[in-house]
file data_14.csv (CSV, C-alpha atoms)
chain,number,residue,atom,x,y,z
A,703,MET,CA,49.8,30.2,-15.2
A,704,SER,CA,46.9,32.3,-13.9
A,705,ASP,CA,45.5,33.0,-17.4
A,706,LEU,CA,44.9,29.2,-17.8
A,707,LEU,CA,42.6,29.1,-14.7
A,708,PRO,CA,38.8,29.6,-14.9
A,709,LYS,CA,37.7,33.0,-13.6
A,710,THR,CA,35.6,31.9,-10.6
A,711,ASN,CA,35.4,32.2,-6.9
A,712,LEU,CA,37.3,29.3,-5.2
A,713,LEU,CA,35.5,26.7,-3.1
A,714,LEU,CA,36.1,27.3,0.6
A,715,GLY,CA,37.3,24.6,2.9
A,716,ASP,CA,37.8,20.9,2.3
A,717,LEU,CA,35.4,19.2,-0.1
A,718,THR,CA,34.5,15.5,-0.9
A,719,ILE,CA,32.2,14.5,-3.7
A,720,ARG,CA,31.1,10.9,-4.4
A,721,THR,CA,30.2,9.7,-7.9
A,722,THR,CA,29.3,6.6,-9.9
A,723,GLU,CA,30.9,6.4,-13.3
A,724,MET,CA,28.8,4.9,-16.2
A,725,HIS,CA,28.5,4.9,-20.0
A,726,ALA,CA,26.0,4.1,-22.6
A,727,ALA,CA,27.1,3.4,-26.2
A,728,GLY,CA,30.5,4.9,-25.3
A,729,GLU,CA,29.1,8.2,-24.0
A,730,LYS,CA,30.6,8.8,-20.5
A,731,ILE,CA,28.3,9.8,-17.6
A,732,ARG,CA,29.3,10.8,-14.1
A,733,VAL,CA,26.4,10.3,-11.7
A,734,ILE,CA,26.8,12.6,-8.7
A,735,GLU,CA,25.6,11.0,-5.5
A,736,ALA,CA,26.8,13.3,-2.7
A,737,GLY,CA,28.9,16.3,-1.8
A,738,PHE,CA,27.2,19.1,-3.6
A,739,PRO,CA,25.8,22.1,-1.6
A,740,GLU,CA,22.2,22.4,-0.6
A,741,MET,CA,20.7,24.3,-3.6
A,742,LYS,CA,18.4,27.2,-3.2
A,743,GLY,CA,15.0,27.1,-4.8
A,744,THR,CA,11.8,25.1,-4.5
A,745,THR,CA,11.7,23.6,-8.0
A,746,LEU,CA,14.3,21.7,-10.0
A,747,LEU,CA,14.6,24.6,-12.5
A,748,GLU,CA,15.1,27.1,-9.7
A,749,LYS,CA,17.8,24.9,-8.2
A,750,ARG,CA,19.5,24.5,-11.7
A,751,LYS,CA,19.4,28.3,-12.1
A,752,TRP,CA,20.9,28.9,-8.6
A,753,LEU,CA,23.7,26.3,-9.4
A,754,MET,CA,24.5,28.1,-12.7
A,755,GLU,CA,24.6,31.6,-11.2
A,756,SER,CA,25.9,31.0,-7.7
A,757,ALA,CA,27.8,27.7,-7.4
A,758,ASP,CA,29.2,27.0,-10.9
A,759,GLN,CA,32.6,26.3,-9.4
A,760,TYR,CA,31.2,22.8,-8.5
A,761,ARG,CA,30.7,22.0,-12.1
A,762,LYS,CA,34.2,23.1,-13.0
A,763,PHE,CA,35.6,21.2,-10.0
A,764,LEU,CA,34.3,17.9,-11.5
A,765,LEU,CA,34.8,18.6,-15.2
A,766,LEU,CA,38.0,20.5,-15.6
A,767,GLU,CA,41.4,18.9,-15.1
A,768,PRO,CA,42.8,17.3,-13.0
A,769,ARG,CA,39.5,15.5,-12.1
A,770,GLY,CA,37.5,15.9,-15.3
A,771,GLN,CA,38.0,15.3,-19.0
A,772,PRO,CA,36.6,16.5,-22.3
A,773,ASP,CA,33.2,15.4,-23.5
A,774,LEU,CA,32.1,14.1,-20.1
A,775,THR,CA,28.5,14.7,-18.9
A,776,CYS,CA,27.5,14.9,-15.2
A,777,ALA,CA,24.1,13.9,-13.9
A,778,LEU,CA,23.4,15.5,-10.5
A,779,LEU,CA,20.8,13.6,-8.6
A,780,VAL,CA,18.3,15.8,-6.8
A,781,LYS,CA,14.9,15.5,-5.1
A,782,PRO,CA,12.1,15.8,-7.7
A,783,ASP,CA,9.5,18.5,-7.4
A,784,SER,CA,6.7,16.0,-6.9
A,785,PRO,CA,8.0,12.7,-5.3
A,786,GLU,CA,4.5,11.2,-5.7
A,787,VAL,CA,4.9,11.6,-9.5
A,788,SER,CA,8.6,11.1,-10.2
A,789,ASP,CA,11.2,8.9,-8.6
A,790,VAL,CA,14.3,11.1,-9.1
A,791,GLY,CA,15.3,14.5,-10.4
A,792,VAL,CA,18.4,15.1,-12.5
A,793,ILE,CA,20.4,18.3,-13.4
A,794,PHE,CA,22.7,17.8,-16.4
A,795,PHE,CA,25.9,19.7,-17.1
A,796,ASP,CA,29.2,19.3,-19.0
A,797,LYS,CA,32.4,21.2,-19.4
A,798,ASP,CA,30.7,24.0,-21.3
A,799,MET,CA,27.1,24.3,-20.2
A,800,TYR,CA,24.0,23.1,-18.4
A,801,GLY,CA,21.8,21.0,-20.7
A,802,ALA,CA,18.1,20.7,-20.7
A,803,ALA,CA,18.2,17.0,-21.4
A,804,CYS,CA,20.6,14.1,-21.9
A,805,GLY,CA,19.2,10.9,-23.3
A,806,THR,CA,22.4,8.9,-22.5
A,807,ALA,CA,22.4,10.1,-18.9
A,808,THR,CA,18.7,9.2,-18.7
A,809,LEU,CA,19.5,5.6,-19.8
A,810,CYS,CA,22.3,5.5,-17.2
A,811,VAL,CA,20.3,7.1,-14.3
A,812,SER,CA,17.3,4.7,-14.9
A,813,ARG,CA,19.5,1.7,-14.5
A,814,TYR,CA,21.3,3.3,-11.6
A,815,ALA,CA,18.0,3.9,-9.9
A,816,VAL,CA,17.0,0.2,-10.1
A,817,GLU,CA,20.5,-1.1,-9.1
A,818,LYS,CA,20.7,1.3,-6.1
A,819,LYS,CA,17.1,0.5,-5.1
A,820,LEU,CA,15.9,4.0,-5.5
A,821,VAL,CA,12.8,2.3,-6.8
A,822,GLN,CA,11.3,-1.1,-6.1
A,823,PRO,CA,12.6,-3.5,-8.8
A,824,ALA,CA,9.9,-5.4,-10.7
A,825,SER,CA,10.0,-8.0,-13.5
A,826,PRO,CA,10.1,-8.0,-16.5
A,827,GLU,CA,10.7,-4.2,-16.5
A,828,THR,CA,11.0,-1.7,-13.7
A,829,ARG,CA,9.4,1.7,-14.3
A,830,VAL,CA,11.4,4.8,-13.3
A,831,VAL,CA,10.1,8.3,-13.8
A,832,ILE,CA,12.9,10.9,-14.0
A,833,GLN,CA,12.3,14.7,-13.8
A,834,CYS,CA,14.7,16.4,-16.2
A,835,PRO,CA,14.9,20.2,-16.8
A,836,SER,CA,13.0,19.5,-20.0
A,837,GLY,CA,10.2,17.7,-18.3
A,838,LEU,CA,9.2,14.2,-17.0
A,839,VAL,CA,10.7,11.2,-18.8
A,840,THR,CA,9.3,7.7,-18.2
A,841,THR,CA,11.8,5.0,-18.4
A,842,HIS,CA,11.7,1.2,-18.3
A,843,VAL,CA,14.6,-1.0,-17.2
A,844,GLN,CA,14.7,-4.7,-18.0
A,845,TYR,CA,14.9,-6.7,-14.7
A,846,HIS,CA,15.1,-10.5,-14.4
A,847,ASN,CA,16.4,-12.7,-11.6
A,848,GLY,CA,17.9,-9.8,-9.8
A,849,ARG,CA,19.8,-8.4,-12.8
A,850,THR,CA,19.1,-5.3,-14.8
A,851,GLY,CA,19.5,-5.0,-18.6
A,852,GLN,CA,18.6,-2.6,-21.4
A,853,SER,CA,16.7,0.6,-20.7
A,854,ARG,CA,14.2,2.5,-22.8
A,855,PHE,CA,12.6,5.8,-22.3
A,856,GLN,CA,9.7,7.8,-23.8
A,857,ASN,CA,11.0,11.3,-24.2
A,858,VAL,CA,9.3,14.6,-23.8
A,859,PRO,CA,7.2,15.9,-26.8
A,860,SER,CA,9.6,16.4,-29.7
A,861,TYR,CA,8.9,18.6,-32.7
A,862,VAL,CA,10.3,20.6,-35.6
A,863,PHE,CA,10.8,24.2,-34.6
A,864,ALA,CA,11.8,25.7,-38.0
A,865,ARG,CA,12.5,24.4,-41.4
A,866,ASP,CA,14.9,25.4,-44.2
A,867,VAL,CA,16.8,28.0,-42.2
A,868,SER,CA,19.7,29.6,-44.1
A,869,VAL,CA,22.8,30.5,-42.2
A,870,ASN,CA,26.1,32.0,-43.4
A,871,VAL,CA,29.0,29.9,-42.2
A,872,PRO,CA,32.6,31.3,-42.6
A,873,GLY,CA,34.4,29.3,-45.3
A,874,LEU,CA,31.2,27.6,-46.4
A,875,GLY,CA,28.7,30.3,-47.4
A,876,GLU,CA,25.0,29.7,-47.0
A,877,VAL,CA,24.0,26.4,-45.4
A,878,MET,CA,20.4,25.3,-45.1
A,879,THR,CA,19.4,23.6,-41.9
A,880,ASP,CA,16.3,22.5,-39.9
A,881,ILE,CA,15.8,23.1,-36.2
A,882,ALA,CA,14.1,20.5,-34.0
A,883,PHE,CA,13.5,19.9,-30.3
A,884,GLY,CA,14.0,16.5,-28.6
A,885,GLY,CA,14.5,17.7,-25.0
A,886,GLY,CA,17.0,20.3,-26.3
A,887,PHE,CA,17.1,22.2,-29.5
A,888,TYR,CA,19.3,20.9,-32.4
A,889,ALA,CA,20.3,22.2,-35.8
A,890,ILE,CA,20.0,19.2,-38.1
A,891,VAL,CA,22.0,19.1,-41.3
A,892,PRO,CA,23.3,16.5,-43.8
A,893,ALA,CA,27.1,16.2,-43.8
A,894,HIS,CA,27.4,17.0,-47.5
A,895,ARG,CA,26.0,20.5,-46.9
A,896,LEU,CA,29.0,21.1,-44.5
A,897,GLY,CA,31.5,19.7,-47.1
A,898,ILE,CA,32.4,16.7,-44.9
A,899,SER,CA,31.8,13.0,-44.7
A,900,LEU,CA,30.9,11.1,-41.6
A,901,THR,CA,32.9,8.1,-42.8
A,902,ASP,CA,35.9,9.7,-44.4
A,903,SER,CA,36.6,13.1,-42.8
A,904,SER,CA,38.9,13.3,-39.8
A,905,THR,CA,37.4,13.9,-36.4
A,906,ASP,CA,39.2,17.2,-36.2
A,907,ALA,CA,37.8,18.4,-39.5
A,908,ILE,CA,34.3,17.4,-38.5
A,909,GLN,CA,34.7,19.2,-35.1
A,910,ASP,CA,36.0,22.4,-36.7
A,911,VAL,CA,33.4,22.6,-39.5
A,912,ALA,CA,30.5,21.6,-37.2
A,913,GLY,CA,31.7,24.0,-34.5
A,914,ALA,CA,31.7,27.0,-36.9
A,915,PHE,CA,28.3,26.0,-38.3
A,916,LEU,CA,26.9,25.7,-34.7
A,917,GLU,CA,28.2,29.1,-33.8
A,918,SER,CA,26.6,30.6,-36.9
A,919,VAL,CA,23.3,29.0,-36.1
A,920,ARG,CA,23.3,30.2,-32.6
A,921,THR,CA,23.9,33.7,-33.8
A,922,LYS,CA,21.3,33.7,-36.5
A,923,VAL,CA,18.4,31.7,-35.1
A,924,LYS,CA,16.2,33.0,-32.3
A,925,ILE,CA,14.9,30.1,-30.2
A,926,CYS,CA,11.9,30.2,-27.9
A,927,HIS,CA,10.7,27.5,-25.6
A,928,PRO,CA,7.0,27.1,-24.8
A,929,ASP,CA,7.5,26.9,-21.0
A,930,ASN,CA,10.8,28.2,-19.9
A,931,LYS,CA,13.1,30.8,-21.5
A,932,ASP,CA,16.1,29.3,-19.7
A,933,LEU,CA,15.8,26.3,-22.0
A,934,ALA,CA,15.6,28.4,-25.2
A,935,PHE,CA,19.0,27.7,-26.7
A,936,ILE,CA,20.5,25.5,-29.3
A,937,PHE,CA,22.4,22.7,-27.6
A,938,GLY,CA,24.1,21.1,-30.5
A,939,THR,CA,24.0,20.1,-34.2
A,940,MET,CA,22.9,16.7,-35.4
A,941,ILE,CA,24.9,15.8,-38.6
A,942,THR,CA,23.4,13.0,-40.7
A,943,SER,CA,25.2,11.0,-43.4
A,944,THR,CA,22.3,11.5,-45.9
A,945,ASP,CA,19.4,13.8,-46.5
A,946,ASN,CA,16.4,13.3,-44.1
A,947,ASP,CA,13.6,13.8,-46.7
A,948,ALA,CA,14.4,10.9,-49.0
A,949,LYS,CA,12.7,7.6,-48.2
A,950,ASP,CA,15.7,5.6,-49.0
A,951,SER,CA,18.0,7.8,-47.0
A,952,CYS,CA,18.1,5.7,-43.8
A,953,ASN,CA,15.9,2.6,-44.2
A,954,ASP,CA,16.4,0.7,-40.9
A,955,SER,CA,19.7,2.3,-39.9
A,956,CYS,CA,20.9,5.9,-39.8
A,957,LEU,CA,24.5,7.1,-39.4
A,958,GLU,CA,24.8,10.3,-37.4
A,959,LEU,CA,27.0,12.4,-35.2
A,960,VAL,CA,26.2,15.2,-32.7
A,961,VAL,CA,28.6,18.1,-31.9
A,962,TYR,CA,27.5,20.1,-28.9
A,963,GLY,CA,28.5,22.7,-26.4
A,964,LYS,CA,31.7,24.3,-27.6
A,965,ARG,CA,32.7,21.8,-30.3
A,966,MET,CA,32.5,18.7,-28.2
A,967,ILE,CA,31.8,15.4,-30.0
A,968,ALA,CA,29.2,12.9,-28.7
A,969,ARG,CA,30.6,9.4,-28.3
A,970,GLY,CA,27.2,7.9,-28.5
A,971,PRO,CA,24.1,8.4,-30.8
A,972,CYS,CA,22.7,11.1,-28.4
A,973,GLY,CA,19.2,10.3,-27.2
A,974,SER,CA,17.8,13.9,-27.2
A,975,GLY,CA,19.5,14.6,-30.6
A,976,LEU,CA,18.0,11.6,-32.2
A,977,SER,CA,14.6,12.4,-30.7
A,978,ALA,CA,14.8,15.7,-32.5
A,979,LEU,CA,15.9,13.9,-35.7
A,980,MET,CA,13.0,11.4,-35.4
A,981,ALA,CA,10.6,14.4,-35.2
A,982,LEU,CA,12.0,15.8,-38.4
A,983,GLN,CA,12.0,12.4,-40.2
A,984,TYR,CA,8.5,11.7,-39.1
A,985,GLN,CA,7.3,15.0,-40.4
A,986,ASN,CA,9.1,14.4,-43.7
A,987,GLY,CA,7.4,11.0,-44.0
A,988,VAL,CA,10.5,8.9,-43.9
A,989,LEU,CA,9.9,7.4,-40.5
A,990,ALA,CA,6.5,5.7,-39.8
A,991,LEU,CA,4.6,5.4,-36.6
A,992,GLY,CA,5.9,2.4,-34.6
A,993,GLN,CA,8.8,1.8,-37.1
A,994,LYS,CA,12.1,1.0,-35.3
A,995,ARG,CA,15.3,2.5,-36.6
A,996,GLN,CA,18.9,2.0,-35.5
A,997,PHE,CA,20.7,5.3,-35.0
A,998,ARG,CA,24.5,4.7,-35.2
A,999,ASN,CA,27.2,7.0,-33.9
A,1000,ALA,CA,29.7,7.7,-36.7
A,1001,ILE,CA,32.8,7.5,-34.5
A,1002,LEU,CA,32.3,4.4,-32.5
A,1003,ASP,CA,29.5,2.7,-34.5
A,1004,THR,CA,27.5,2.2,-31.3
A,1005,GLU,CA,23.7,2.4,-31.6
A,1006,TYR,CA,20.4,3.2,-30.0
A,1007,THR,CA,17.1,2.1,-31.2
A,1008,GLY,CA,14.5,4.8,-31.8
A,1009,SER,CA,10.8,4.8,-32.7
A,1010,VAL,CA,7.8,7.1,-32.7
A,1011,VAL,CA,5.3,6.0,-30.1
A,1012,ARG,CA,2.5,8.5,-31.0
A,1013,GLU,CA,1.7,11.9,-32.2
A,1014,THR,CA,1.0,14.8,-29.9
A,1015,ARG,CA,0.3,18.5,-29.9
A,1016,VAL,CA,2.8,20.9,-28.3
A,1017,GLU,CA,1.0,24.1,-27.4
A,1018,GLY,CA,3.0,27.3,-27.4
A,1019,ALA,CA,5.8,25.8,-29.4
A,1020,GLY,CA,7.3,27.2,-32.7
A,1021,PRO,CA,8.7,30.5,-33.7
A,1022,ASP,CA,5.4,32.3,-33.3
A,1023,GLY,CA,4.2,30.4,-30.2
A,1024,ALA,CA,1.1,29.2,-32.0
A,1025,GLY,CA,1.8,25.5,-31.2
A,1026,VAL,CA,3.0,22.7,-33.5
A,1027,SER,CA,2.4,19.0,-34.1
A,1028,GLY,CA,5.0,16.7,-32.5
A,1029,ILE,CA,5.7,13.2,-31.5
A,1030,ILE,CA,6.5,11.1,-28.4
A,1031,PRO,CA,9.7,9.3,-29.3
A,1032,GLU,CA,11.1,6.3,-27.6
A,1033,VAL,CA,14.9,5.6,-27.3
A,1034,ALA,CA,16.4,2.3,-26.2
A,1035,GLY,CA,20.0,1.4,-25.2
A,1036,ARG,CA,22.2,-0.3,-22.6
A,1037,ALA,CA,24.0,1.5,-19.9
A,1038,TYR,CA,27.0,0.1,-18.0
A,1039,PHE,CA,28.8,0.8,-14.7
A,1040,THR,CA,32.5,1.6,-15.1
A,1041,GLY,CA,33.5,2.5,-11.5
A,1042,SER,CA,33.1,4.8,-8.6
A,1043,CYS,CA,35.0,7.9,-7.5
A,1044,THR,CA,35.6,10.0,-4.5
A,1045,PHE,CA,36.8,13.5,-5.5
A,1046,THR,CA,38.5,15.7,-2.9
A,1047,LEU,CA,39.8,19.2,-2.5
A,1048,GLU,CA,42.3,20.5,0.0
A,1049,ALA,CA,41.8,24.0,1.1
A,1050,ASP,CA,45.3,25.1,0.3
A,1051,ASP,CA,45.4,23.6,-3.2
A,1052,PRO,CA,46.5,26.5,-5.5
A,1053,LEU,CA,44.7,24.9,-8.5
A,1054,ALA,CA,41.5,24.5,-6.4
A,1055,VAL,CA,38.6,24.1,-8.8
A,1056,GLY,CA,40.7,23.0,-11.8
A,1057,TYR,CA,42.1,24.3,-15.0
A,1058,LEU,CA,42.1,24.2,-18.8
A,1059,PRO,CA,45.5,23.1,-20.2
A,1060,TYR,CA,45.5,25.5,-23.2
A,1061,ARG,CA,45.5,29.2,-23.8
A,1062,GLY,CA,42.4,31.0,-25.0
A,1063,ALA,CA,40.1,28.3,-23.5
A,1064,VAL,CA,36.8,29.3,-22.1
A,1065,SER,CA,34.7,27.1,-19.8
A,1066,GLY,CA,31.0,27.8,-19.3

call {"tool": "encode", "arguments": {"input": "data_14.csv", "output": "structure tokens"}}
result
Amino acid sequence: MSDLLPKTNLLLGDLTIRTTEMHAAGEKIRVIEAGFPEMKGTTLLEKRKWLMESADQYRKFLLLEPRGQPDLTCALLVKPDSPEVSDVGVIFFDKDMYGAACGTATLCVSRYAVEKKLVQPASPETRVVIQCPSGLVTTHVQYHNGRTGQSRFQNVPSYVFARDVSVNVPGLGEVMTDIAFGGGFYAIVPAHRLGISLTDSSTDAIQDVAGAFLESVRTKVKICHPDNKDLAFIFGTMITSTDNDAKDSCNDSCLELVVYGKRMIARGPCGSGLSALMALQYQNGVLALGQKRQFRNAILDTEYTGSVVRETRVEGAGPDGAGVSGIIPEVAGRAYFTGSCTFTLEADDPLAVGYLPYRGAVSG
């Protein structure tokens, strides 16, 4: 059985971690409230790096079986670098990696912050500023008669990193893709270029083809981030049902699906992924300033509303670091509470931090 266990140092002693469980558009989010160790570092990014390098067993403890499940994202609440500027800090991670951003978790944490009185509620909307690894994100949560509703957030500057990148994918040959940033980097590709259909192909087929494509893109494309090299990686692929340069390709609704990490499929529309997609569509002239578009997940048919708030300049961005034109996108959706959990560990548990129930599996 030992070959099924993650290769990591075991946690020492008894352990109790408290969480609140949420979802938005079907995407599951685990908000971590208490129980993690005090992280070393003075900034959120330094704490994130310490967690990755020195305490990764906590991620595995929550996301591997028997406590975790596939395609679940955790949002670890931390003190922001500048409490006078932001209300809460968040570190994101899933079964495979630490993300730079998560739009769905942002929607969940914003409502959580109002419900749990981390900020003073105000009608008709309560403003919550969240520090993410990718930067500051301003959110607004509907609030009326003591009840919260839909959330919306203006994301970090989003932009097209590279266009018409050709990658060789085993079994498919050369595939052309665009790379864009929406809090994380995404390879954006129409489904027909991968030989699949978002409406007719099986989930397994989409997962396998998109996973192979994503692996090829990560091997071929060198990513650079204008501010932090630790954020310079391709998080996932955004697959669209139609081309993103034809004016009749989406109209008011766009069907899409994100595959991220190590072939995990997003249940929801993916806020950071659709921010990247909006940057590409805006540059292609198929999404206008202020135009609202529904972005629908191809599996559950759940949706977020996206729009371009304004143009911006992103200094130091792009393959050559010369800077690029970008946008400030806005994403709106509704988050829901689904429960609360207390996760425990007994010091003599032989499975300690958890396990992957199949051979050849790798976590993180």

call {"tool": "atom_distance", "arguments": {"input": "data_14.csv", "atom1": "atom CA of A:Thr722", "atom2": "atom CA of A:Ile967"}}
result
22.1 Å

call {"tool": "residues_around", "arguments": {"input": "data_14.csv", "residues": "A:Gly992", "least_positions_apart": "6", "cutoff": "8 Å", "atoms": "only C-alpha atoms", "output": "number ranges by chain"}}
result
A: 1009-1012

call {"tool": "residues_around", "arguments": {"input": "data_14.csv", "residues": "stretch 908-924 of chain A", "least_positions_apart": "5", "cutoff": "9 Å", "atoms": "all atoms listed in the file", "output": "VMD selection string"}}
result
chain A and resid 867 to 874 877 879 889 896 to 900 903 934 to 939 941 960 to 967 1021

call {"tool": "closest_atom_pairs", "arguments": {"input": "data_14.csv", "of": "stretch 809-879 of chain A", "to": "stretch 1023-1033 of chain A", "cutoff": "6 Å", "atoms": "only C-alpha atoms", "output": "CSV"}}
result
residue,atom,partner,partner_atom,distance
A:Arg854,CA,A:Val1033,CA,5.5
A:Phe855,CA,A:Val1033,CA,5.5
A:Gln856,CA,A:Glu1032,CA,4.3
A:Asn857,CA,A:Pro1031,CA,5.6
A:Pro859,CA,A:Ile1030,CA,5.1
A:Ser860,CA,A:Ile1029,CA,5.4
A:Tyr861,CA,A:Gly1028,CA,4.3

call {"tool": "residues_around", "arguments": {"input": "data_14.csv", "residues": "stretch 747-755 of chain A", "least_positions_apart": "4", "cutoff": "12 Å", "atoms": "all atoms listed in the file", "output": "PyMOL selection string"}}
result
chain A and resi 710-711+738-743+759-762+777-783+791-796+798-802+833-837+929-933+1066

call {"tool": "write_last_selection", "arguments": {"input": "data_14.csv", "atoms": "C-alpha atoms", "output": "tab-separated table (two decimals), keeping the file's coordinate frame"}}
result
chain	number	residue	atom	x	y	z
A	710	THR	CA	35.60	31.90	-10.60
A	711	ASN	CA	35.40	32.20	-6.90
A	738	PHE	CA	27.20	19.10	-3.60
A	739	PRO	CA	25.80	22.10	-1.60
A	740	GLU	CA	22.20	22.40	-0.60
A	741	MET	CA	20.70	24.30	-3.60
A	742	LYS	CA	18.40	27.20	-3.20
A	743	GLY	CA	15.00	27.10	-4.80
A	759	GLN	CA	32.60	26.30	-9.40
A	760	TYR	CA	31.20	22.80	-8.50
A	761	ARG	CA	30.70	22.00	-12.10
A	762	LYS	CA	34.20	23.10	-13.00
A	777	ALA	CA	24.10	13.90	-13.90
A	778	LEU	CA	23.40	15.50	-10.50
A	779	LEU	CA	20.80	13.60	-8.60
A	780	VAL	CA	18.30	15.80	-6.80
A	781	LYS	CA	14.90	15.50	-5.10
A	782	PRO	CA	12.10	15.80	-7.70
A	783	ASP	CA	9.50	18.50	-7.40
A	791	GLY	CA	15.30	14.50	-10.40
A	792	VAL	CA	18.40	15.10	-12.50
A	793	ILE	CA	20.40	18.30	-13.40
A	794	PHE	CA	22.70	17.80	-16.40
A	795	PHE	CA	25.90	19.70	-17.10
A	796	ASP	CA	29.20	19.30	-19.00
A	798	ASP	CA	30.70	24.00	-21.30
A	799	MET	CA	27.10	24.30	-20.20
A	800	TYR	CA	24.00	23.10	-18.40
A	801	GLY	CA	21.80	21.00	-20.70
A	802	ALA	CA	18.10	20.70	-20.70
A	833	GLN	CA	12.30	14.70	-13.80
A	834	CYS	CA	14.70	16.40	-16.20
A	835	PRO	CA	14.90	20.20	-16.80
A	836	SER	CA	13.00	19.50	-20.00
A	837	GLY	CA	10.20	17.70	-18.30
A	929	ASP	CA	7.50	26.90	-21.00
A	930	ASN	CA	10.80	28.20	-19.90
A	931	LYS	CA	13.10	30.80	-21.50
A	932	ASP	CA	16.10	29.30	-19.70
A	933	LEU	CA	15.80	26.30	-22.00
A	1066	GLY	CA	31.00	27.80	-19.30

call {"tool": "atom_distance", "arguments": {"input": "data_14.csv", "atom1": "atom CA of A:Ser977", "atom2": "atom CA of A:Arg813"}}
result
20.0 Å

call {"tool": "residues_near_point", "arguments": {"input": "data_14.csv", "point": "(9.2, 8.3, -41.6)", "cutoff": "10 Å", "atoms": "all atoms listed in the file", "output": "list in words"}}
result
Asn946, Asp947, Ala948, Lys949, Cys952, Asn953, Met980, Ala981, Leu982, Gln983, Tyr984, Gln985, Asn986, Gly987, Val988, Leu989, Ala990, Leu991, Gly992, Gln993, Arg995, Ser1009 and Val1010 of chain A

call {"tool": "residues_around", "arguments": {"input": "data_14.csv", "residues": "A:Ala815", "least_positions_apart": "4", "cutoff": "12 Å", "atoms": "all atoms listed in the file", "output": "number ranges by chain"}}
result
A: 722, 733, 735, 779, 788-792, 807-811, 819-823, 828-832, 841-843, 850, 853, 1037

call {"tool": "closest_residue", "arguments": {"input": "data_14.csv", "among": "A:Phe997, A:Phe887, A:Phe1045, A:Phe1039", "to": "A:Cys804", "atoms": "all atoms listed in the file"}}
result
A:Phe887

call {"tool": "residues_around", "arguments": {"input": "data_14.csv", "residues": "A:Gly848", "least_positions_apart": "5", "cutoff": "10 Å", "atoms": "only C-alpha atoms", "output": "PyMOL selection string"}}
result
chain A and resi 817+823-825

call {"tool": "atom_distance", "arguments": {"input": "data_14.csv", "atom1": "atom CA of A:Ile734", "atom2": "atom CA of A:Asn999"}}
result
25.8 Å
